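entry.cif (mmCIF, C-alpha atoms)
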```
data_target
#
loop_
_atom_site.label_atom_id
_atom_site.label_comp_id
_atom_site.auth_asym_id
_atom_site.auth_seq_id
_atom_site.Cartn_x
_atom_site.Cartn_y
_atom_site.Cartn_z
CA MET C 18 23.82 273.76 238.66
CA VAL C 19 21.65 276.28 236.79
CA THR C 20 20.94 279.46 238.75
CA ILE C 21 18.46 282.32 238.46
CA LYS C 22 21.28 284.44 237.04
CA ASP C 23 21.77 281.92 234.21
CA ILE C 24 18.07 282.09 233.35
CA ALA C 25 18.15 285.92 233.52
CA LYS C 26 21.10 286.03 231.11
CA ALA C 27 19.36 283.68 228.65
CA ALA C 28 16.09 285.62 228.86
CA GLY C 29 17.70 289.09 228.71
CA VAL C 30 16.05 290.23 231.94
CA SER C 31 17.16 290.91 235.49
CA PRO C 32 17.47 288.15 238.12
CA SER C 33 14.72 289.81 240.16
CA THR C 34 12.35 289.55 237.18
CA VAL C 35 13.14 285.84 236.88
CA SER C 36 12.52 285.33 240.60
CA ARG C 37 9.17 287.13 240.42
CA ALA C 38 8.14 285.17 237.31
CA LEU C 39 8.97 281.80 238.91
CA ASN C 40 6.95 282.78 241.97
CA ASP C 41 3.95 283.89 239.86
CA SER C 42 4.16 287.54 240.92
CA PRO C 43 1.24 289.65 239.62
CA LEU C 44 3.81 292.34 238.76
CA ILE C 45 5.05 290.27 235.80
CA LYS C 46 3.06 289.81 232.57
CA GLN C 47 1.78 286.29 231.92
CA SER C 48 3.61 286.07 228.59
CA THR C 49 6.90 286.92 230.34
CA LYS C 50 6.20 284.33 233.06
CA ASP C 51 5.53 281.67 230.45
CA ARG C 52 8.71 282.48 228.54
CA ILE C 53 10.89 282.46 231.67
CA LYS C 54 9.37 279.22 232.99
CA ARG C 55 9.91 277.57 229.61
CA LEU C 56 13.56 278.68 229.58
CA ALA C 57 14.02 277.46 233.17
CA ALA C 58 12.70 274.03 232.19
CA GLU C 59 14.90 273.86 229.10
CA LEU C 60 18.01 274.78 231.11
CA GLY C 61 17.18 272.19 233.80
CA TYR C 62 16.67 274.69 236.62
CA GLU C 63 15.70 273.21 239.99
CA ARG C 64 14.44 275.31 242.86
CA ASN C 65 16.25 275.32 246.18
CA GLU C 66 13.21 274.40 248.25
CA LEU C 67 15.07 274.71 251.56
CA ALA C 68 16.09 278.29 250.81
CA ARG C 69 12.59 279.04 249.59
CA SER C 70 11.05 277.65 252.79
CA LEU C 71 13.42 279.77 254.89
CA VAL C 72 12.23 282.89 253.07
CA LYS C 73 8.52 282.01 253.08
CA GLY C 74 8.47 280.23 256.45
CA LYS C 75 6.69 277.22 254.91
CA SER C 76 8.05 273.96 253.50
CA ARG C 77 4.74 272.46 252.32
CA ALA C 78 5.88 269.21 253.95
CA LEU C 79 4.32 267.17 256.76
CA GLY C 80 6.15 264.83 259.10
CA LEU C 81 4.55 261.43 259.76
CA ILE C 82 5.81 259.39 262.74
CA VAL C 83 4.72 255.74 262.90
CA SER C 84 5.53 252.93 265.34
CA ASP C 85 6.11 250.08 262.90
CA ILE C 86 5.92 250.56 259.14
CA THR C 87 5.97 246.77 258.64
CA ASN C 88 2.55 246.62 260.33
CA PRO C 89 -0.11 247.01 257.58
CA PHE C 90 -2.22 249.04 260.03
CA PHE C 91 0.30 251.89 260.00
CA ALA C 92 0.93 251.50 256.27
CA GLU C 93 -2.77 252.09 255.62
CA ILE C 94 -2.76 255.21 257.83
CA ALA C 95 0.29 256.45 255.90
CA LYS C 96 -1.54 255.93 252.61
CA GLY C 97 -4.46 258.05 253.82
CA VAL C 98 -2.08 260.80 254.95
CA GLU C 99 -0.14 260.75 251.69
CA ASP C 100 -3.23 260.80 249.46
CA MET C 101 -4.68 263.84 251.20
CA ALA C 102 -1.31 265.63 251.39
CA GLN C 103 -0.60 265.08 247.69
CA ALA C 104 -4.07 266.32 246.74
CA ARG C 105 -3.34 269.57 248.62
CA GLY C 106 0.19 270.02 247.28
CA TYR C 107 2.12 268.81 250.34
CA GLY C 108 4.88 266.24 250.66
CA VAL C 109 5.23 263.72 253.50
CA ILE C 110 8.42 262.74 255.37
CA LEU C 111 7.97 259.30 256.99
CA CYS C 112 9.77 258.33 260.22
CA ASN C 113 9.57 254.83 261.74
CA THR C 114 10.24 254.64 265.51
CA GLY C 115 10.21 250.87 266.05
CA ASP C 116 8.13 251.51 269.21
CA ASP C 117 11.11 253.31 270.80
CA PRO C 118 10.08 256.56 272.63
CA ARG C 119 13.65 257.87 272.34
CA ARG C 120 13.60 257.47 268.57
CA GLU C 121 10.20 259.15 268.47
CA ARG C 122 11.63 262.19 270.24
CA ASP C 123 14.73 262.23 268.01
CA TYR C 124 12.61 262.06 264.87
CA GLY C 125 10.34 264.81 266.18
CA LEU C 126 13.34 267.09 266.68
CA LEU C 127 14.73 266.14 263.26
CA LEU C 128 11.43 267.04 261.58
CA ARG C 129 11.47 270.42 263.33
CA ARG C 130 15.01 271.05 262.08
CA LYS C 131 13.87 270.08 258.59
CA ARG C 132 11.20 272.77 259.00
CA VAL C 133 8.16 270.63 258.24
CA ASP C 134 4.96 272.62 258.62
CA GLY C 135 3.26 270.10 260.92
CA GLN C 136 3.46 266.58 262.30
CA ILE C 137 1.14 263.56 262.37
CA ILE C 138 2.02 261.13 265.16
CA THR C 139 0.70 257.57 265.21
CA SER C 140 2.98 255.91 267.76
CA VAL C 141 0.96 254.26 270.51
CA ALA C 142 2.77 255.17 273.77
CA LEU C 143 0.43 256.22 276.57
CA GLU C 144 2.51 259.32 277.33
CA ASP C 145 5.81 260.85 276.35
CA PRO C 146 7.47 264.22 277.04
CA PHE C 147 7.99 264.81 273.31
CA LEU C 148 4.38 266.02 272.95
CA LEU C 149 4.99 268.72 275.56
CA GLU C 150 8.08 269.84 273.64
CA LEU C 151 6.04 270.05 270.43
CA GLN C 152 3.36 272.07 272.17
CA ARG C 153 5.90 274.50 273.66
CA GLY C 154 7.54 274.90 270.27
CA ARG C 155 4.15 275.74 268.72
CA MET C 156 4.53 273.07 266.08
CA PRO C 157 1.05 272.11 264.78
CA PHE C 158 0.48 268.38 265.22
CA VAL C 159 -2.28 265.79 265.40
CA LEU C 160 -2.38 262.33 266.99
CA VAL C 161 -3.75 259.28 265.19
CA SER C 162 -4.86 256.11 267.02
CA ARG C 163 -3.84 257.58 270.37
CA ILE C 164 -4.75 260.33 272.82
CA SER C 165 -2.74 262.20 275.45
CA LYS C 166 -3.81 262.61 279.05
CA THR C 167 -1.32 265.42 279.75
CA VAL C 168 -1.42 267.46 276.52
CA ASP C 169 -4.59 268.92 275.04
CA ALA C 170 -3.74 267.49 271.64
CA PRO C 171 -6.01 267.06 268.59
CA TYR C 172 -6.67 263.45 267.65
CA VAL C 173 -8.38 260.95 265.35
CA ILE C 174 -8.99 257.60 267.03
CA VAL C 175 -11.21 254.57 266.80
CA ASP C 176 -13.38 253.61 269.77
CA ASP C 177 -11.04 250.91 271.16
CA ARG C 178 -13.36 250.08 274.03
CA LEU C 179 -16.32 249.50 271.70
CA GLY C 180 -14.18 247.43 269.32
CA ALA C 181 -12.97 245.13 272.09
CA ARG C 182 -16.52 244.77 273.39
CA LEU C 183 -17.75 243.75 269.92
CA ALA C 184 -15.08 241.05 269.73
CA VAL C 185 -15.70 239.58 273.18
CA GLU C 186 -19.51 239.80 272.93
CA HIS C 187 -19.26 237.86 269.66
CA LEU C 188 -17.33 235.04 271.34
CA ILE C 189 -19.77 234.91 274.27
CA SER C 190 -22.75 234.86 271.87
CA LEU C 191 -21.26 231.73 270.28
CA GLY C 192 -21.26 230.04 273.69
CA HIS C 193 -17.63 230.51 274.77
CA THR C 194 -16.97 230.93 278.48
CA ARG C 195 -13.25 230.07 278.56
CA ILE C 196 -11.90 233.14 276.75
CA ALA C 197 -8.33 234.47 276.92
CA CYS C 198 -7.00 237.85 275.87
CA ILE C 199 -3.64 238.66 274.29
CA SER C 200 -3.34 242.44 274.28
CA GLY C 201 -0.61 244.87 273.33
CA PRO C 202 2.01 246.30 275.71
CA LYS C 203 0.60 247.77 278.94
CA GLY C 204 2.29 251.09 278.19
CA THR C 205 0.24 251.64 275.04
CA GLU C 206 -3.22 253.14 274.73
CA PRO C 207 -4.73 250.29 272.64
CA GLY C 208 -3.05 247.61 274.76
CA HIS C 209 -4.44 249.10 277.96
CA VAL C 210 -7.97 249.96 276.77
CA ARG C 211 -8.65 246.73 274.85
CA ALA C 212 -7.57 244.53 277.78
CA ALA C 213 -9.69 246.60 280.19
CA ALA C 214 -12.75 246.29 277.92
CA PHE C 215 -12.20 242.51 277.72
CA ALA C 216 -12.34 242.22 281.53
CA GLU C 217 -15.35 244.55 281.64
CA VAL C 218 -17.44 242.41 279.27
CA LEU C 219 -16.56 239.16 281.08
CA ALA C 220 -17.62 240.71 284.40
CA GLU C 221 -20.94 241.86 282.92
CA HIS C 222 -21.68 238.27 281.88
CA GLY C 223 -20.57 236.81 285.21
CA LEU C 224 -17.58 235.07 283.66
CA ARG C 225 -14.23 234.65 285.39
CA VAL C 226 -10.99 233.45 283.86
CA PRO C 227 -7.54 232.95 285.42
CA ARG C 228 -5.41 236.11 285.58
CA SER C 229 -2.77 234.27 283.58
CA TRP C 230 -5.23 234.18 280.65
CA VAL C 231 -4.78 237.93 280.12
CA LYS C 232 -1.41 238.53 278.50
CA HIS C 233 0.40 241.58 277.18
CA THR C 234 2.91 241.34 274.34
CA GLU C 235 4.26 243.31 271.38
CA PHE C 236 1.86 244.11 268.53
CA THR C 237 3.59 241.49 266.34
CA TRP C 238 2.80 237.97 265.18
CA GLU C 239 5.95 236.75 266.98
CA GLY C 240 4.58 238.16 270.23
CA GLY C 241 1.19 236.62 269.52
CA GLU C 242 2.67 233.19 268.82
CA ARG C 243 4.79 233.27 271.98
CA ALA C 244 1.84 234.25 274.21
CA ALA C 245 -0.49 231.76 272.53
CA ARG C 246 1.93 228.87 273.02
CA GLU C 247 1.89 229.60 276.77
CA LEU C 248 -1.92 229.61 276.84
CA LEU C 249 -2.48 226.64 274.57
CA GLY C 250 0.25 224.44 276.02
CA ARG C 251 -1.60 224.01 279.31
CA ARG C 252 -3.83 221.16 280.39
CA ARG C 253 -6.82 223.49 280.84
CA ARG C 254 -6.79 225.90 277.97
CA PRO C 255 -9.15 228.51 276.56
CA THR C 256 -11.60 227.70 273.76
CA ALA C 257 -11.33 231.25 272.37
CA ILE C 258 -8.75 234.03 272.23
CA PHE C 259 -9.32 237.75 271.67
CA ALA C 260 -6.18 239.26 270.14
CA ALA C 261 -5.72 243.03 270.43
CA ASN C 262 -4.54 243.34 266.83
CA ASP C 263 -4.48 241.22 263.70
CA LEU C 264 -0.74 240.54 263.81
CA ILE C 265 -1.10 239.06 267.29
CA ALA C 266 -4.06 237.03 265.98
CA LEU C 267 -1.93 235.70 263.10
CA GLY C 268 0.64 234.59 265.69
CA VAL C 269 -2.13 232.77 267.57
CA LEU C 270 -3.10 230.94 264.37
CA VAL C 271 0.55 229.94 263.82
CA ALA C 272 0.84 228.61 267.38
CA ALA C 273 -2.42 226.66 267.06
CA HIS C 274 -1.25 225.12 263.79
CA LYS C 275 2.07 224.03 265.28
CA LEU C 276 0.31 222.50 268.31
CA GLY C 277 -2.21 220.67 266.14
CA ILE C 278 -5.18 222.66 267.49
CA GLU C 279 -7.91 223.09 264.91
CA VAL C 280 -9.31 226.59 264.26
CA PRO C 281 -12.22 227.14 264.70
CA GLY C 282 -13.12 223.56 265.74
CA ALA C 283 -11.09 223.57 268.97
CA LEU C 284 -10.17 227.25 269.17
CA SER C 285 -11.87 230.46 268.03
CA VAL C 286 -9.76 233.55 267.32
CA VAL C 287 -10.78 237.21 266.92
CA GLY C 288 -8.37 239.97 265.89
CA PHE C 289 -8.54 243.75 265.72
CA ASP C 290 -7.74 246.08 262.75
CA ASP C 291 -8.87 244.13 259.63
CA ILE C 292 -5.53 244.45 257.83
CA ALA C 293 -5.33 243.25 254.23
CA TYR C 294 -3.99 239.81 255.24
CA ALA C 295 -7.06 239.12 257.41
CA SER C 296 -9.35 238.43 254.45
CA LEU C 297 -6.98 236.10 252.56
CA PRO C 298 -8.66 232.75 251.71
CA LEU C 299 -6.21 230.70 253.81
CA ILE C 300 -6.74 232.95 256.85
CA GLU C 301 -10.26 234.47 256.81
CA LEU C 302 -9.81 236.03 260.23
CA THR C 303 -12.79 237.23 262.23
CA THR C 304 -11.76 240.71 263.34
CA VAL C 305 -12.79 244.20 264.37
CA ALA C 306 -12.36 246.54 261.41
CA GLN C 307 -10.94 250.03 261.91
CA PRO C 308 -11.43 252.78 259.28
CA THR C 309 -7.65 253.04 259.13
CA TYR C 310 -7.21 254.84 255.80
CA ARG C 311 -9.87 257.37 256.80
CA MET C 312 -8.08 258.09 260.08
CA GLY C 313 -4.91 259.11 258.23
CA TYR C 314 -6.85 261.05 255.61
CA LEU C 315 -8.87 263.04 258.17
CA ALA C 316 -5.79 263.81 260.27
CA ALA C 317 -3.90 265.19 257.26
CA GLU C 318 -6.93 267.14 256.06
CA TRP C 319 -7.41 268.83 259.44
CA LEU C 320 -3.70 269.61 259.84
CA ILE C 321 -3.44 271.17 256.37
CA ASP C 322 -6.60 273.20 257.00
CA VAL C 323 -5.02 274.54 260.21
CA LEU C 324 -1.77 275.37 258.40
CA GLU C 325 -3.72 277.27 255.75
CA GLY C 326 -5.83 279.14 258.30
CA LYS C 327 -9.09 277.38 257.40
CA ARG C 328 -9.74 275.78 260.81
CA ARG C 329 -9.32 276.78 264.42
CA LYS C 330 -11.47 274.26 266.28
CA ARG C 331 -9.40 271.44 267.82
CA LEU C 332 -9.95 268.04 266.24
CA ARG C 333 -11.48 265.38 268.49
CA LYS C 334 -12.68 262.65 266.16
CA VAL C 335 -13.73 259.20 267.44
CA LEU C 336 -14.62 256.74 264.66
CA LYS C 337 -16.66 253.59 265.17
CA PRO C 338 -15.26 250.11 264.49
CA ARG C 339 -17.31 247.19 263.15
CA LEU C 340 -17.16 243.44 263.62
CA VAL C 341 -16.30 241.37 260.52
CA VAL C 342 -17.18 237.70 261.04
CA ARG C 343 -15.16 235.21 258.99
CA ARG C 344 -13.91 231.63 259.34
CA THR C 345 -11.90 231.69 262.60
CA THR C 346 -14.82 231.75 265.04
CA ALA C 347 -17.46 229.10 265.80
CA PRO C 348 -19.32 227.68 268.81
CA PRO C 349 -17.08 225.70 271.20
CA ALA C 350 -16.82 221.96 270.58
#
```
Represent the supplied structure as structure tokens.
Amino acid sequence: MVTIKDIAKAAGVSPSTVSRALNDSPLIKQSTKDRIKRLAAELGYERNELARSLVKGKSRALGLIVSDITNPFFAEIAKGVEDMAQARGYGVILCNTGDDPRRERDYGLLLRRKRVDGQIITSVALEDPFLLELQRGRMPFVLVSRISKTVDAPYVIVDDRLGARLAVEHLISLGHTRIACISGPKGTEPGHVRAAAFAEVLAEHGLRVPRSWVKHTEFTWEGGERAARELLGRRRRPTAIFAANDLIALGVLVAAHKLGIEVPGALSVVGFDDIAYASLPLIELTTVAQPTYRMGYLAAEWLIDVLEGKRRKRLRKVLKPRLVVRRTTAPPA
């Protein structure tokens, strides 16, 4: 491995001069900097970024913790984070928790040991002690698609309540009265809020449905299919289903197909997120679109601004969703 001493010997200068030149010190002439940098490149010199971060106290790296990287929703957030970070000269270390709070905590501690400058957390648990640990350790962080009720944490979220209302109001406007809801896990912010908004809208319109028509499952198409089979396999079944994310909605479509139930002729389906798959010609899912990429981009922008001393005000950004009507909804038969 080529060292600073090797470059100094080749350039006929001291190691301290090489170090200053590589770090763009104003004490070194530009012509000397250019010559030393050219020699370093020719010799194949690579900086020890860990050692450099220990000296400077900055790694120029952000940690990004997501719940499920196979979910296009989180992939789109990650893209927004990465694009902003790269534009500002930062790298991103991605950690996937698989919706496991213990793994989230372990990854958070790992990122601190790796000396990342800040963390962006998109896992959807309602609460976890890891946020308190981050706060005590004075690690800058920002939440995406979640808030905390115990930690005064900065966040970028979409208005989940408004999004769910848009979905359910759309189904009611089409004439549906027998509407079911398949939401995410009860212990998650979106799962809790979207199910509560569903019940709220039904009550406002004087509609009542059996308690068994409100189900909670994982934010996966497997979970959606399993819950939908329970709802659709009954004698009296709903004519419409509001799914709390698009993967659950895709599972509903799979279940309906297997049971021979026509969509939207015999069943209307609305999702939430507007992932890339939702607009495919064979799917054309009616859904509530989140500005997912923008959420990641804004979170990274704010965090980097804080790290560089450009912002002090805590981020509290609530973005508005919008309804995208496609093929999977129609008036009831």
- Using all atoms listed in the file, which residues sit within 12 Å of Arg130 in chain C once same-chain residues fewer than 2 positions away are excluded, as an MDAnalysis selection string? chainID C and resid 67 71 76 80 123:128 132:135 154 156
- Query: Once the PyMOL selection byres ((chain C and resi 207-209) around 10) has been applied to the shown file, what residues remain in the selection, as a PyMOL selection string?
  - Reply: chain C and resi 141-143+162-163+175-178+181+199-206+210-214+232-236+261-262
- Task: Could you tell me which residues the PyMOL selection byres ((chain C and resi 122) around 12) grabs in this file, written as an MDAnalysis selection string?
- Result: chainID C and resid 82:83 112:114 116:121 123:129 138 140 142 144:151
- Name every residue that the PyMOL selection byres ((chain C and resi 328-341) around 6) selects in this structure, writing the answer as a PyMOL selection string with chains first and numbers rising. chain C and resi 171-176+180+303-307+322-323+326-327+342
Just-selected residues, C-alpha atoms written as a PDB file, in the coordinates of the input:
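Okay, this is what ended up in selection.pdb:
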```pdb
ATOM      1  CA  PRO C 171      -6.010 267.060 268.590  1.00  0.00           C
ATOM      2  CA  TYR C 172      -6.670 263.450 267.650  1.00  0.00           C
ATOM      3  CA  VAL C 173      -8.380 260.950 265.350  1.00  0.00           C
ATOM      4  CA  ILE C 174      -8.990 257.600 267.030  1.00  0.00           C
ATOM      5  CA  VAL C 175     -11.210 254.570 266.800  1.00  0.00           C
ATOM      6  CA  ASP C 176     -13.380 253.610 269.770  1.00  0.00           C
ATOM      7  CA  GLY C 180     -14.180 247.430 269.320  1.00  0.00           C
ATOM      8  CA  THR C 303     -12.790 237.230 262.230  1.00  0.00           C
ATOM      9  CA  THR C 304     -11.760 240.710 263.340  1.00  0.00           C
ATOM     10  CA  VAL C 305     -12.790 244.200 264.370  1.00  0.00           C
ATOM     11  CA  ALA C 306     -12.360 246.540 261.410  1.00  0.00           C
ATOM     12  CA  GLN C 307     -10.940 250.030 261.910  1.00  0.00           C
ATOM     13  CA  ASP C 322      -6.600 273.200 257.000  1.00  0.00           C
ATOM     14  CA  VAL C 323      -5.020 274.540 260.210  1.00  0.00           C
ATOM     15  CA  GLY C 326      -5.830 279.140 258.300  1.00  0.00           C
ATOM     16  CA  LYS C 327      -9.090 277.380 257.400  1.00  0.00           C
ATOM     17  CA  VAL C 342     -17.180 237.700 261.040  1.00  0.00           C
TER      18      VAL C 342
END
```
- Task: Go ahead and compute the interatomic distance for CA of Arg195 in chain C and CA of Arg254 in chain C, in Å to one decimal.
- Result: 7.7 Å
